[in-house]
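Chemist: One file is attached below, protein_12.cif, containing mmCIF, C-alpha atoms.
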```
data_model
loop_
_atom_site.label_atom_id
_atom_site.label_comp_id
_atom_site.auth_asym_id
_atom_site.auth_seq_id
_atom_site.Cartn_x
_atom_site.Cartn_y
_atom_site.Cartn_z
CA MET A 1 137.11 141.50 43.08
CA THR A 2 134.26 141.63 45.58
CA ASP A 3 130.50 142.06 45.41
CA VAL A 4 128.93 145.52 45.31
CA PRO A 5 128.74 147.08 48.80
CA PHE A 6 124.94 147.39 48.80
CA LEU A 7 124.46 143.61 48.55
CA ASN A 8 123.97 141.75 51.80
CA ARG A 9 124.51 137.99 51.72
CA GLN A 10 122.46 136.08 54.26
CA ALA A 11 123.42 132.88 56.04
CA LEU A 12 120.36 130.82 55.10
CA TYR A 13 121.93 127.86 53.39
CA LEU A 14 119.43 125.45 51.84
CA ARG A 15 121.42 122.29 51.28
CA PRO A 16 120.36 119.01 49.66
CA ASP A 17 119.17 116.39 52.12
CA PRO A 18 119.48 112.73 51.00
CA ALA A 19 117.12 111.69 53.82
CA ARG A 20 114.20 113.26 51.94
CA VAL A 21 112.67 110.47 49.88
CA LEU A 22 109.56 109.74 47.88
CA VAL A 23 108.26 106.51 46.37
CA ARG A 24 108.31 106.01 42.61
CA ALA A 25 107.18 103.25 40.32
CA PHE A 26 109.76 100.50 39.88
CA LYS A 27 109.56 98.99 36.39
CA PRO A 28 111.77 95.91 36.05
CA ALA A 29 110.28 94.99 32.69
CA ILE A 30 108.37 96.53 29.78
CA GLU A 31 105.33 98.66 30.46
CA PRO A 32 102.25 96.69 31.64
CA ARG A 33 100.17 97.94 28.72
CA GLU A 34 102.60 96.21 26.34
CA LEU A 35 102.33 92.81 27.98
CA ASN A 36 100.21 89.94 26.65
CA PRO A 37 99.27 86.59 28.22
CA VAL A 38 102.15 84.66 26.68
CA ASP A 39 104.86 87.07 27.86
CA ARG A 40 106.85 85.56 30.73
CA THR A 41 108.60 88.76 31.71
CA ARG A 42 110.47 89.57 34.85
CA ALA A 43 107.40 91.44 36.13
CA ASN A 44 105.26 88.33 35.83
CA HIS A 45 107.92 86.27 37.53
CA ILE A 46 107.87 88.59 40.54
CA ILE A 47 104.09 88.46 40.72
CA ASP A 48 104.11 84.65 40.53
CA ARG A 49 106.56 84.49 43.44
CA VAL A 50 104.37 86.74 45.58
CA LEU A 51 101.27 84.70 44.79
CA ALA A 52 103.12 81.52 45.75
CA LEU A 53 103.42 82.75 49.36
CA ASP A 54 100.90 81.26 51.72
CA ALA A 55 98.54 83.63 53.54
CA ASP A 56 100.62 83.84 56.73
CA ALA A 57 103.86 84.45 54.85
CA ALA A 58 102.27 87.16 52.69
CA THR A 59 100.84 88.91 55.76
CA ALA A 60 104.17 88.70 57.59
CA GLN A 61 106.01 90.13 54.58
CA LEU A 62 103.57 93.04 54.25
CA ASP A 63 103.84 93.74 57.99
CA ASP A 64 107.62 93.79 57.68
CA VAL A 65 107.46 96.29 54.81
CA LEU A 66 105.16 98.55 56.82
CA GLU A 67 107.41 98.36 59.88
CA ASN A 68 110.38 99.45 57.77
CA PHE A 69 108.75 102.19 55.70
CA GLN A 70 105.54 103.41 57.37
CA GLY A 71 107.22 106.30 59.19
CA ARG A 72 108.89 107.52 56.01
CA HIS A 73 105.73 108.07 53.93
CA ARG A 74 102.09 109.00 54.33
CA ASN A 75 99.27 106.61 53.40
CA LEU A 76 101.64 103.81 52.46
CA LEU A 77 99.00 101.10 52.04
CA ALA A 78 97.00 103.41 49.78
CA THR A 79 100.18 103.98 47.76
CA PHE A 80 100.64 100.23 47.39
CA ASP A 81 97.01 99.91 46.26
CA ALA A 82 97.45 102.71 43.73
CA ARG A 83 100.54 101.06 42.26
CA ALA A 84 98.65 97.78 41.92
CA ASP A 85 95.85 99.65 40.14
CA GLU A 86 98.41 100.98 37.64
CA MET A 87 99.40 97.38 36.92
CA GLU A 88 95.86 96.13 36.36
CA ASP A 89 96.57 94.97 32.81
CA THR A 90 99.42 92.79 34.05
CA LEU A 91 97.57 91.47 37.10
CA ALA A 92 94.66 90.42 34.88
CA PHE A 93 96.84 87.56 33.60
CA HIS A 94 97.03 86.08 37.11
CA PRO A 95 94.47 84.55 39.48
CA ALA A 96 92.24 86.90 41.47
CA LEU A 97 94.18 88.67 44.24
CA ASN A 98 93.12 89.35 47.79
CA GLU A 99 93.86 92.70 49.43
CA THR A 100 97.10 91.60 51.07
CA GLN A 101 98.43 90.20 47.80
CA ARG A 102 97.56 93.37 45.87
CA GLN A 103 99.25 95.62 48.44
CA LEU A 104 102.31 93.42 48.63
CA ILE A 105 102.65 93.35 44.84
CA GLY A 106 102.28 97.14 44.82
CA ALA A 107 105.18 97.33 47.29
CA TYR A 108 107.40 95.15 45.09
CA PHE A 109 106.88 97.53 42.17
CA LEU A 110 107.85 100.70 44.03
CA HIS A 111 111.18 102.08 45.19
CA GLU A 112 112.38 105.00 47.27
CA TYR A 113 114.06 107.88 45.48
CA SER A 114 116.16 110.52 47.23
CA PHE A 115 115.07 113.40 45.04
CA GLU A 116 117.50 116.02 46.37
CA ALA A 117 120.45 113.77 47.19
CA SER A 118 122.80 115.63 44.84
CA ALA A 119 121.66 119.25 44.63
CA LEU A 120 119.09 121.85 45.66
CA PHE A 121 119.57 124.92 43.52
CA ASN A 122 118.34 127.50 40.96
CA PRO A 123 115.61 129.04 43.13
CA SER A 124 112.85 131.50 42.28
CA ILE A 125 110.64 133.38 44.73
CA VAL A 126 107.06 134.75 44.68
CA PRO A 127 104.65 136.10 47.30
CA HIS A 128 102.68 133.36 49.04
CA PRO A 129 99.03 133.27 47.89
CA ASP A 130 98.03 133.18 51.57
CA GLN A 131 99.42 136.15 53.50
CA THR A 132 97.80 135.09 56.78
CA ALA A 133 100.27 135.50 59.65
CA ALA A 134 102.67 137.57 57.56
CA PRO A 135 104.92 139.74 59.78
CA PRO A 136 103.84 143.40 60.18
CA GLY A 137 105.06 145.30 57.13
CA GLY A 138 106.44 142.07 55.68
CA LEU A 139 105.19 139.18 53.59
CA ARG A 140 105.17 135.42 53.27
CA PHE A 141 106.83 133.85 50.25
CA ILE A 142 107.10 130.57 48.38
CA LEU A 143 110.45 129.49 47.05
CA SER A 144 110.73 127.00 44.21
CA LEU A 145 113.91 124.96 43.84
CA ARG A 146 115.39 122.47 41.40
CA ALA A 147 116.19 119.23 43.20
CA VAL A 148 118.52 116.63 41.68
CA GLY A 149 118.81 113.00 42.73
CA GLU A 150 120.15 109.71 41.40
CA GLY A 151 120.76 109.71 37.66
CA HIS A 152 120.78 113.52 37.58
CA VAL A 153 116.99 113.64 37.33
CA SER A 154 115.60 117.07 38.22
CA SER A 155 112.30 117.70 39.98
CA LEU A 156 110.51 120.75 41.37
CA THR A 157 110.26 121.26 45.11
CA PHE A 158 109.25 124.15 47.38
CA ARG A 159 109.90 125.98 50.63
CA SER A 160 108.01 128.76 52.40
CA GLY A 161 109.17 131.60 54.60
CA THR A 162 108.79 135.21 55.63
CA ILE A 163 110.39 138.56 54.90
CA ALA A 164 110.23 141.08 57.74
CA ALA A 165 109.66 144.79 57.23
CA ASP A 166 113.41 145.40 57.47
CA GLY A 167 114.19 142.65 54.94
CA ALA A 168 115.19 139.94 57.39
CA ILE A 169 114.47 136.54 55.82
CA ALA A 170 113.37 133.38 57.59
CA VAL A 171 112.72 129.99 55.98
CA ASP A 172 110.09 127.73 57.55
CA PRO A 173 111.17 124.29 58.81
CA THR A 174 111.17 121.62 56.11
CA GLY A 175 108.59 118.88 56.41
CA ARG A 176 109.86 115.45 57.35
CA LEU A 177 107.92 113.64 54.62
CA SER A 178 107.66 114.15 50.87
CA ALA A 179 105.00 113.33 48.32
CA ILE A 180 104.30 113.44 44.62
CA PRO A 181 100.87 114.63 43.47
CA ARG A 182 97.92 112.70 42.09
CA ILE A 183 97.46 113.03 38.33
CA THR A 184 93.93 114.35 37.77
CA SER A 185 94.09 114.88 34.01
CA ARG A 186 96.42 113.76 31.25
CA VAL A 187 95.56 114.58 27.65
CA ARG A 188 97.44 115.07 24.41
CA GLY A 189 97.28 118.67 23.29
CA PRO A 190 98.59 120.35 20.14
CA GLY A 191 102.12 120.58 21.55
CA GLY A 192 102.29 117.33 23.49
CA GLU A 193 100.96 115.94 26.76
CA GLU A 194 99.12 118.37 29.05
CA VAL A 195 98.96 117.25 32.66
CA GLU A 196 97.04 118.42 35.74
CA VAL A 197 98.13 117.29 39.20
CA THR A 198 96.89 117.85 42.75
CA PHE A 199 98.47 117.46 46.17
CA ARG A 200 96.60 116.79 49.38
CA PRO A 201 95.91 120.10 51.18
CA GLU A 202 97.26 118.67 54.45
CA GLU A 203 100.71 118.19 52.88
CA ASP A 204 103.01 121.04 53.79
CA ILE A 205 104.32 123.11 50.88
CA SER A 206 107.82 121.74 51.57
CA GLU A 207 106.53 118.17 51.20
CA ARG A 208 105.24 118.70 47.65
CA VAL A 209 107.48 117.44 44.86
CA ILE A 210 106.58 117.63 41.17
CA PHE A 211 108.52 114.80 39.60
CA PRO A 212 108.78 114.24 35.82
CA ILE A 213 105.54 112.81 34.46
CA THR A 214 105.62 112.94 30.66
CA GLU A 215 108.14 111.47 28.25
CA ALA A 216 109.36 114.99 27.37
CA GLN A 217 110.15 115.57 31.08
CA SER A 218 111.53 112.12 31.81
CA ASN A 219 115.06 113.28 32.64
CA GLY A 220 114.14 116.52 34.32
CA ILE A 221 111.95 119.49 35.14
CA GLU A 222 114.64 122.15 35.20
CA ASP A 223 114.97 125.78 36.32
CA ALA A 224 111.39 126.93 36.92
CA ARG A 225 111.10 130.73 36.74
CA PHE A 226 107.99 131.56 38.78
CA VAL A 227 106.18 134.89 38.53
CA ALA A 228 103.01 136.28 40.12
CA PHE A 229 101.06 137.28 37.00
CA GLU A 230 98.35 139.92 37.43
CA ASP A 231 95.43 140.08 35.01
CA GLY A 232 92.06 141.66 35.66
CA GLY A 233 92.61 141.82 39.41
CA GLU A 234 93.43 138.11 39.66
CA THR A 235 96.80 136.54 40.38
CA THR A 236 98.01 133.36 38.70
CA PHE A 237 101.43 131.93 39.39
CA TYR A 238 103.15 130.88 36.18
CA ALA A 239 106.56 129.36 35.66
CA THR A 240 108.41 128.53 32.51
CA TYR A 241 110.76 125.59 32.87
CA THR A 242 112.90 123.32 30.72
CA ALA A 243 111.58 119.82 30.06
CA TYR A 244 114.45 117.43 29.32
CA SER A 245 113.84 113.97 27.90
CA GLY A 246 117.47 112.88 27.95
CA ARG A 247 117.69 113.62 24.25
CA ALA A 248 115.88 116.91 23.66
CA ILE A 249 114.77 120.04 25.52
CA ARG A 250 111.76 122.29 25.20
CA SER A 251 110.10 125.02 27.24
CA GLU A 252 106.91 124.24 29.13
CA LEU A 253 104.59 126.25 31.36
CA ILE A 254 103.27 125.39 34.81
CA GLU A 255 100.43 127.35 36.38
CA THR A 256 98.74 127.38 39.76
CA ARG A 257 96.58 129.59 41.94
CA ASP A 258 97.26 127.90 45.27
CA PHE A 259 100.39 125.69 44.94
CA VAL A 260 98.14 122.68 45.61
CA SER A 261 96.85 122.05 42.08
CA PHE A 262 99.04 122.60 39.03
CA ARG A 263 98.64 122.46 35.28
CA MET A 264 101.66 121.69 33.06
CA THR A 265 101.49 122.55 29.35
CA PRO A 266 104.09 122.40 26.57
CA LEU A 267 104.82 125.71 24.86
CA ARG A 268 104.62 125.89 21.08
CA GLY A 269 106.46 127.93 18.50
CA ALA A 270 110.06 128.42 17.41
CA ALA A 271 111.00 130.43 20.51
CA ALA A 272 109.87 127.61 22.83
CA LYS A 273 112.50 125.22 21.49
CA ASN A 274 115.06 126.91 23.73
CA LYS A 275 115.51 127.17 27.49
CA GLY A 276 115.56 130.14 29.84
CA MET A 277 112.27 131.87 29.00
CA ALA A 278 110.80 134.26 31.60
CA LEU A 279 107.32 135.80 31.54
CA PHE A 280 106.64 139.46 32.35
CA PRO A 281 104.32 139.79 35.38
CA ARG A 282 101.52 141.42 33.36
CA LYS A 283 100.45 142.00 29.79
CA LEU A 284 102.10 144.83 27.88
CA ALA A 285 99.73 146.73 25.59
CA GLY A 286 97.33 143.80 25.77
CA ARG A 287 99.90 141.13 24.85
CA TYR A 288 101.94 138.60 26.78
CA ALA A 289 105.68 139.24 26.82
CA MET A 290 108.73 137.05 27.47
CA ILE A 291 112.46 137.45 27.79
CA GLY A 292 114.30 134.48 26.30
CA ARG A 293 117.49 133.30 24.66
CA GLN A 294 117.26 131.75 21.21
CA ASP A 295 120.84 131.59 19.92
CA SER A 296 122.92 130.54 22.95
CA GLU A 297 124.37 134.05 23.34
CA ASN A 298 121.84 136.91 23.32
CA LEU A 299 118.59 137.89 25.02
CA TYR A 300 115.39 138.44 23.04
CA LEU A 301 112.10 140.20 23.72
CA ILE A 302 109.16 138.13 22.49
CA TYR A 303 105.46 139.05 22.32
CA SER A 304 102.45 136.78 21.86
CA ASP A 305 98.66 136.95 21.91
CA ASP A 306 98.60 133.31 23.02
CA LEU A 307 100.23 132.37 26.32
CA HIS A 308 101.18 128.94 24.95
CA THR A 309 102.59 129.92 21.53
CA TRP A 310 105.83 131.88 21.10
CA ASP A 311 107.48 132.82 17.82
CA GLY A 312 109.83 135.51 16.58
CA GLY A 313 111.37 138.08 18.89
CA GLU A 314 114.04 140.75 18.66
CA VAL A 315 117.50 140.87 20.16
CA ILE A 316 117.68 143.45 22.96
CA LEU A 317 120.86 142.43 24.80
CA LYS A 318 124.19 141.05 23.62
CA PRO A 319 127.34 140.21 25.58
CA GLU A 320 129.25 143.45 26.09
CA PHE A 321 131.45 143.20 29.16
CA SER A 322 134.23 140.72 29.92
CA TRP A 323 132.28 138.83 32.60
CA GLU A 324 129.60 137.92 30.01
CA PHE A 325 131.61 137.38 26.81
CA VAL A 326 130.61 133.70 26.49
CA GLN A 327 126.85 134.24 26.83
CA ILE A 328 124.13 136.07 28.71
CA GLY A 329 120.75 134.87 29.91
CA ASN A 330 117.90 135.99 32.10
CA CYS A 331 117.71 135.27 35.82
CA GLY A 332 113.96 135.26 36.14
CA SER A 333 111.01 137.45 35.24
CA PRO A 334 111.46 141.23 35.01
CA ILE A 335 110.61 143.15 38.19
CA GLU A 336 108.50 146.27 37.78
CA LEU A 337 109.91 149.46 39.33
CA ASP A 338 108.87 153.09 38.91
CA GLU A 339 112.01 153.60 36.88
CA GLY A 340 111.42 150.68 34.48
CA TRP A 341 111.68 146.91 34.28
CA LEU A 342 114.57 145.51 36.31
CA LEU A 343 115.90 142.39 34.63
CA LEU A 344 118.46 140.27 36.45
CA THR A 345 120.84 138.53 34.06
CA HIS A 346 123.60 135.97 34.23
CA GLY A 347 126.84 136.27 32.36
CA VAL A 348 129.41 133.59 31.61
CA GLY A 349 133.05 134.67 31.57
CA PRO A 350 136.52 133.11 31.53
CA VAL A 351 136.88 129.58 32.91
CA ARG A 352 133.08 129.35 32.55
CA LYS A 353 132.50 131.51 35.61
CA TYR A 354 128.83 132.50 36.09
CA SER A 355 127.95 135.88 37.64
CA ILE A 356 124.71 137.83 38.12
CA GLY A 357 124.14 141.33 36.73
CA ALA A 358 121.20 143.64 36.08
CA VAL A 359 119.59 145.61 33.26
CA LEU A 360 116.96 148.36 33.34
CA LEU A 361 114.44 148.26 30.48
CA ASP A 362 112.03 151.01 29.49
CA LYS A 363 108.64 150.41 31.09
CA ALA A 364 106.58 151.34 28.03
CA ASP A 365 108.94 149.76 25.50
CA PRO A 366 111.10 147.01 27.05
CA SER A 367 113.07 146.69 23.83
CA ARG A 368 114.82 149.90 24.90
CA VAL A 369 117.72 149.23 27.26
CA LEU A 370 118.08 152.21 29.58
CA ALA A 371 121.08 151.01 31.59
CA ARG A 372 123.00 147.88 32.56
CA SER A 373 125.62 146.77 35.06
CA ARG A 374 129.18 146.93 33.80
CA GLU A 375 130.37 144.72 36.65
CA PRO A 376 128.52 141.79 38.26
CA LEU A 377 126.31 142.32 41.29
CA VAL A 378 127.00 138.80 42.57
CA ARG A 379 129.94 136.58 41.69
CA PRO A 380 131.09 133.36 43.36
CA ALA A 381 132.62 134.21 46.73
CA PRO A 382 135.71 132.24 47.82
CA SER A 383 133.49 130.12 50.07
CA GLU A 384 131.00 129.51 47.25
CA ARG A 385 133.24 128.34 44.42
CA GLU A 386 133.16 124.61 45.10
CA GLY A 387 130.35 122.25 44.18
CA TYR A 388 128.89 120.06 41.48
CA VAL A 389 129.60 122.79 38.89
CA PRO A 390 132.30 125.11 40.31
CA ASN A 391 132.35 128.90 39.98
CA VAL A 392 128.61 129.43 39.46
CA VAL A 393 126.06 131.72 41.09
CA TYR A 394 122.62 131.61 39.51
CA THR A 395 119.00 132.51 40.21
CA CYS A 396 115.69 131.84 38.51
CA GLY A 397 113.86 134.82 40.00
CA ALA A 398 113.86 137.51 42.66
CA LEU A 399 111.14 139.78 44.05
CA ARG A 400 110.79 143.34 45.29
CA HIS A 401 110.01 144.03 48.94
CA ARG A 402 109.78 147.72 49.78
CA ASP A 403 113.17 149.23 48.90
CA LEU A 404 114.93 145.86 48.57
CA ILE A 405 115.36 143.14 46.00
CA ILE A 406 115.15 139.75 47.70
CA LEU A 407 117.49 137.52 45.75
CA PRO A 408 117.63 133.76 46.31
CA TYR A 409 120.56 132.30 44.42
CA ALA A 410 122.25 128.97 43.84
CA VAL A 411 125.88 128.18 44.56
CA SER A 412 127.87 125.95 42.18
CA ASP A 413 124.74 123.98 41.20
CA THR A 414 124.73 122.44 44.69
CA PHE A 415 122.92 124.51 47.35
CA SER A 416 121.08 127.82 47.70
CA ASN A 417 121.34 131.01 49.73
CA PHE A 418 119.77 134.48 49.90
CA ALA A 419 120.97 138.05 49.42
CA THR A 420 119.25 141.42 49.62
CA ILE A 421 120.04 144.40 47.39
CA ARG A 422 119.07 148.04 47.96
CA ILE A 423 117.18 149.20 44.90
CA ASP A 424 118.27 152.83 44.96
CA ALA A 425 121.93 151.90 45.24
CA LEU A 426 121.57 149.25 42.54
CA LEU A 427 120.01 151.71 40.08
CA GLY A 428 122.75 154.18 40.85
CA THR A 429 125.37 151.76 39.52
CA LEU A 430 123.67 150.98 36.22
CA ARG A 431 124.99 152.87 33.21
CA GLY A 432 123.48 153.59 29.80
#
```
Please re-express this file's structure in structure tokens.

Modeler:
Amino acid sequence: MTDVPFLNRQALYLRPDPARVLVRAFKPAIEPRELNPVDRTRANHIIDRVLALDADAATAQLDDVLENFQGRHRNLLATFDARADEMEDTLAFHPALNETQRQLIGAYFLHEYSFEASALFNPSIVPHPDQTAAPPGGLRFILSLRAVGEGHVSSLTFRSGTIAADGAIAVDPTGRLSAIPRITSRVRGPGGEEVEVTFRPEEDISERVIFPITEAQSNGIEDARFVAFEDGGETTFYATYTAYSGRAIRSELIETRDFVSFRMTPLRGAAAKNKGMALFPRKLAGRYAMIGRQDSENLYLIYSDDLHTWDGGEVILKPEFSWEFVQIGNCGSPIELDEGWLLLTHGVGPVRKYSIGAVLLDKADPSRVLARSREPLVRPAPSEREGYVPNVVYTCGALRHRDLIILPYAVSDTFSNFATIRIDALLGTLRG
């Protein structure tokens, strides 16, 4: 069986690159805040060894570190200083440090992490907030991707690109360096830790990596479904994502206006205990609306007056066709058309094969299903079956451009590609 004839697969393969690294805190012992003066932990042993170096040896060692790593990271000495600042409680148990000693100790308590060494997948796409230099009749976009590195830890990374008037897609070159943001606020809210982070404006969008920060996210920020949300003439970019601690999951919300500063907030309510939530791009009758899955099989429509609290919901879609008998889920936020809300879905069939389909929901009442695809729009092609998780195509969000749907999609949980779909032909295949 082949894809539908009105789908055009591109050849824009975004593959994981193990050469892309960032620096993370290295913690060989218990957290500094838990230490006391009588603890002779491994961390203190390392610090004692550094302080035992004479001035020339310490300077030579720091110079050697810079020679090896300076070209791989921006502002490396400032990063060493910042790591030493984080360890202030531990360093207070030792004699006063000079600048070289502090920077060298900071270096010993950092390590490089190849954040996309294993996979670069599950993309979503939104218009770029800055449309300067967009092609005539086209637009600039930002693509979010789930990156996976050592230990199967997931982080959020980005790319930018353009869509021409005729639908031709180009992805901008990826920056050579990578960086995690500065934490500007970290408070405990009613649902857990709320965090605000900021990147340096000079860092290219492809250099920005949002790595797990809170305990709830410690094993991954997974499958962000970005949407350009319009309210009162202003656009805010929201994404629901799955926070994974290694033991439990929950849905959280990230928001930004510029993709430089971000706020990350846990979602509350019974519906937020599951994964795969996707926000409608505007309020419906004055209320926020989500599509989500609460029972591992079906899709629900959920309304809320509070963007951060989600309860209840009603089932609107159940597995019906053979390619989705195991379960169905959403593939990103609904896309508004004149004819209704276009919702891309994924279905799981025999041998756990994932395919992508579509549903048309009534614009005034999205609980009404007007039509749905009886056969998948996209299924794993012969060249796309192999990877970390075989036989999977998946997306976390598409967008409309003129008479096309621009569909970034992941292949076997390993790499990503693009396809375009003609809207009129797509709607013509959906059946009530």

Chemist: Please expand the PyMOL selection byres ((chain A and resi 135) around 8) into the concrete residues it hits in this file, giving the result as a PyMOL selection string.

Modeler: chain A and resi 133-134+136-140+162-165

Chemist: Create the file for the chosen residues now, containing C-alpha atoms and written as a compact mmCIF listing (two decimals), in the coordinates of the input.

Modeler:
```txt
# COMPACT_ATOMS: atom_id res chain seq x y z
CA ALA A 133 100.27 135.50 59.65
CA ALA A 134 102.67 137.57 57.56
CA PRO A 136 103.84 143.40 60.18
CA GLY A 137 105.06 145.30 57.13
CA GLY A 138 106.44 142.07 55.68
CA LEU A 139 105.19 139.18 53.59
CA ARG A 140 105.17 135.42 53.27
CA THR A 162 108.79 135.21 55.63
CA ILE A 163 110.39 138.56 54.90
CA ALA A 164 110.23 141.08 57.74
CA ALA A 165 109.66 144.79 57.23
```

Chemist: Counting all atoms listed in the file, which residue out of A:His45, A:His111, A:His308, A:Lys283 sits closest to A:Ile254?

Modeler: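 Ranking A:His45, A:His111, A:His308, A:Lys283 by distance to A:Ile254, first place goes to A:His308.
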
Chemist: Using all atoms listed in the file, which of the listed residues (A:Thr395, A:Ser373, A:Arg102, A:Leu427) sits closest to A:Gly340?

Modeler: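 Looking at the shortest contact to A:Gly340, the residue is A:Leu427.
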
Chemist: Taking the file as shown, what set of residues would the PyMOL selection byres ((chain A and resi 421) around 7) give back, as a VMD selection string?

Modeler: chain A and resid 6 to 8 404 to 406 419 to 420 422 to 423

Chemist: Would you kindly translate the PyMOL selection byres ((chain A and resi 349) around 6) into the concrete residues it picks from this file, as a VMD selection string?

Modeler: chain A and resid 323 to 326 348 350 352 to 353

Chemist: Name all residues at most 12 Å from A:Asn122 (count only C-alpha atoms; drop same-chain ones fewer than 4 positions away) and give them as a PyMOL selection string.

Modeler: chain A and resi 14-15+143-148+154-158+221-226+241+276+331-332+392-398+407-418

Chemist: Distance atom CA of A:Phe237-atom CA of A:Leu177, one decimal place?

Modeler: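 Going from atom CA of A:Phe237 over to atom CA of A:Leu177, I get 24.7 Å.
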
Chemist: Rounded to one decimal, what separation in Å do you get between atom CA of A:Gln103 and atom CA of A:Lys27?

Modeler: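 Atom-to-atom, atom CA of A:Gln103 and atom CA of A:Lys27 are spaced 16.2 Å apart.
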